[in-house]
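Have a look at the structure below before the remarks.
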Amino acid sequence: MTGHKALLSRPLVALVVIVFAVILDQVVKIAVEKYLPMQEAVPLLPVLALYRTYNLGVAFSLLSGMEREFIVGMRVLIVAFVLWLWRRTPKERPFAHSGFALIVAGAIGNLIDGFAYGHVIDYILFHTETWSFAVFNLADSFITIGAGLVILDELFGPKKADQ
């Protein structure tokens with residue numbers, strides 16, 4: 001994958017991926033709102049359940065006491081910053097470009113929730129009998145996977161000859 005132009009370094013391809021991911025995220029959230037009971041676990045696997053709840057902050061409900069406008073503004077700045085990073089990253093960095101596209105898609109998905117509902121719709125819960133992970137959504141998964149790809153690219157991606 002190295003030594004050639006990354007597919008997602010092309011703006012049109014990245015835009016298509018972002019739009020598809022945002023649409024998928026929003027369709028799932030609409031279905032969750034329509035069909036999933038509020039704050040009632042629907043078991044899927046022994047360690048996985050659907051659990052609809054609302055997040056008034058950012059990841060893991062951080063900043064949930066902040067004003068809605070601050071949260072929305074912060075998300076807009078994050079999207080702008082990631083897009084800036086995407087443009088500055090060399091075309092031969094496929095994992096980074098893929099990661100940036102997923103981060104932007106996830107941030108936009110959660111940004112839409114903020115504008116439309118005033119909160120983010122979360123619905124995925126990993127848990128055991130004695131422990132549970134934070135409730136999250138598909139957009140959060142895009143952001144997490146995207147960040148992982150950027151980190152992988154940084155660790156294992158092509159390096160400049162002068163370093």
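By convention in this document, the chains of the structure tokens carry letters A, B, ... by their order, each chain's residues are numbered from 1, and ligands are numbered from 1 in the order they are shown.
Close contacts of A:Thr144, defined as residues with an atom at most 9 Å away when counting only C-alpha atoms, with chain neighbours fewer than 4 positions off set aside, comprise Gly99, Leu102, Ile103, Gly106, Ala139, Asp140, Gly148 and Leu149 of chain A.
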Dump as a JSON list (two decimals), in the first residue's frame, selection limited to all heavy atoms:
[["chain", "number", "residue", "atom", "x", "y", "z"],
["A", 99, "GLY", "N", -8.01, 7.04, 7.95],
["A", 99, "GLY", "CA", -8.36, 7.42, 9.31],
["A", 99, "GLY", "C", -8.97, 8.80, 9.39],
["A", 99, "GLY", "O", -9.99, 9.01, 10.07],
["A", 102, "LEU", "N", -12.58, 8.69, 8.22],
["A", 102, "LEU", "CA", -13.48, 8.11, 9.22],
["A", 102, "LEU", "C", -13.70, 9.06, 10.40],
["A", 102, "LEU", "O", -14.82, 9.16, 10.91],
["A", 102, "LEU", "CB", -12.94, 6.77, 9.72],
["A", 102, "LEU", "CG", -13.03, 5.61, 8.72],
["A", 102, "LEU", "CD1", -12.32, 4.38, 9.26],
["A", 102, "LEU", "CD2", -14.47, 5.30, 8.38],
["A", 103, "ILE", "N", -12.66, 9.75, 10.83],
["A", 103, "ILE", "CA", -12.82, 10.71, 11.92],
["A", 103, "ILE", "C", -13.78, 11.82, 11.53],
["A", 103, "ILE", "O", -14.67, 12.19, 12.29],
["A", 103, "ILE", "CB", -11.45, 11.28, 12.35],
["A", 103, "ILE", "CG1", -10.59, 10.19, 13.01],
["A", 103, "ILE", "CG2", -11.62, 12.48, 13.30],
["A", 103, "ILE", "CD1", -9.13, 10.57, 13.19],
["A", 106, "GLY", "N", -17.39, 10.45, 11.44],
["A", 106, "GLY", "CA", -17.94, 10.29, 12.79],
["A", 106, "GLY", "C", -18.25, 11.62, 13.45],
["A", 106, "GLY", "O", -19.30, 11.78, 14.08],
["A", 139, "ALA", "N", -20.96, 6.44, 14.88],
["A", 139, "ALA", "CA", -20.08, 7.58, 14.63],
["A", 139, "ALA", "C", -18.86, 7.54, 15.55],
["A", 139, "ALA", "O", -17.73, 7.79, 15.12],
["A", 139, "ALA", "CB", -20.84, 8.89, 14.81],
["A", 140, "ASP", "N", -19.09, 7.20, 16.82],
["A", 140, "ASP", "CA", -17.97, 7.06, 17.76],
["A", 140, "ASP", "C", -17.01, 5.95, 17.31],
["A", 140, "ASP", "O", -15.79, 6.07, 17.44],
["A", 140, "ASP", "CB", -18.48, 6.74, 19.16],
["A", 140, "ASP", "CG", -19.34, 7.83, 19.75],
["A", 140, "ASP", "OD1", -19.18, 9.01, 19.38],
["A", 140, "ASP", "OD2", -20.20, 7.50, 20.60],
["A", 148, "GLY", "N", -7.24, 5.02, 15.29],
["A", 148, "GLY", "CA", -6.35, 3.86, 15.27],
["A", 148, "GLY", "C", -5.57, 3.77, 13.97],
["A", 148, "GLY", "O", -4.37, 3.47, 13.98],
["A", 149, "LEU", "N", -6.23, 4.04, 12.85],
["A", 149, "LEU", "CA", -5.55, 4.01, 11.55],
["A", 149, "LEU", "C", -4.48, 5.10, 11.46],
["A", 149, "LEU", "O", -3.39, 4.87, 10.92],
["A", 149, "LEU", "CB", -6.56, 4.17, 10.41],
["A", 149, "LEU", "CG", -7.45, 2.96, 10.15],
["A", 149, "LEU", "CD1", -8.54, 3.31, 9.15],
["A", 149, "LEU", "CD2", -6.64, 1.77, 9.67]]
Check: Please, which residues of stretch 3-104 of chain A, numbered as in this document, come out alpha helix (DSSP H) from DSSP, as a ChimeraX atom specification?
Finding: /A:11-35,68-88,94-104
Margin query: Just want the 9 Å neighbourhood of A:Ser98, counted on only C-alpha atoms, with same-chain residues fewer than 2 positions away dropped. Output as a PyMOL selection string.
Written below: chain A and resi 6-9+14+93-96+100-103+146+149-150
Notebook entry, point to check: Looking at only C-alpha atoms, which of A:Val104, A:Val28, A:Ile121, A:Ile18 is the one that sits closest to A:Ile78?
Noted result: A:Val104
Next item on the list: Can you work out which one of A:Leu152, A:Val27, A:Leu15, A:Leu50 has the shortest atom-to-atom distance to A:Leu125, counting only C-alpha atoms?
Entry: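 Ranked by minimum distance to A:Leu125, first place goes to A:Leu50.
With distances restricted to only C-alpha atoms, A:Ala107 is the closest residue to A:Ala80 from A:Gln26, A:Asn137, A:Leu12, A:Ala107.
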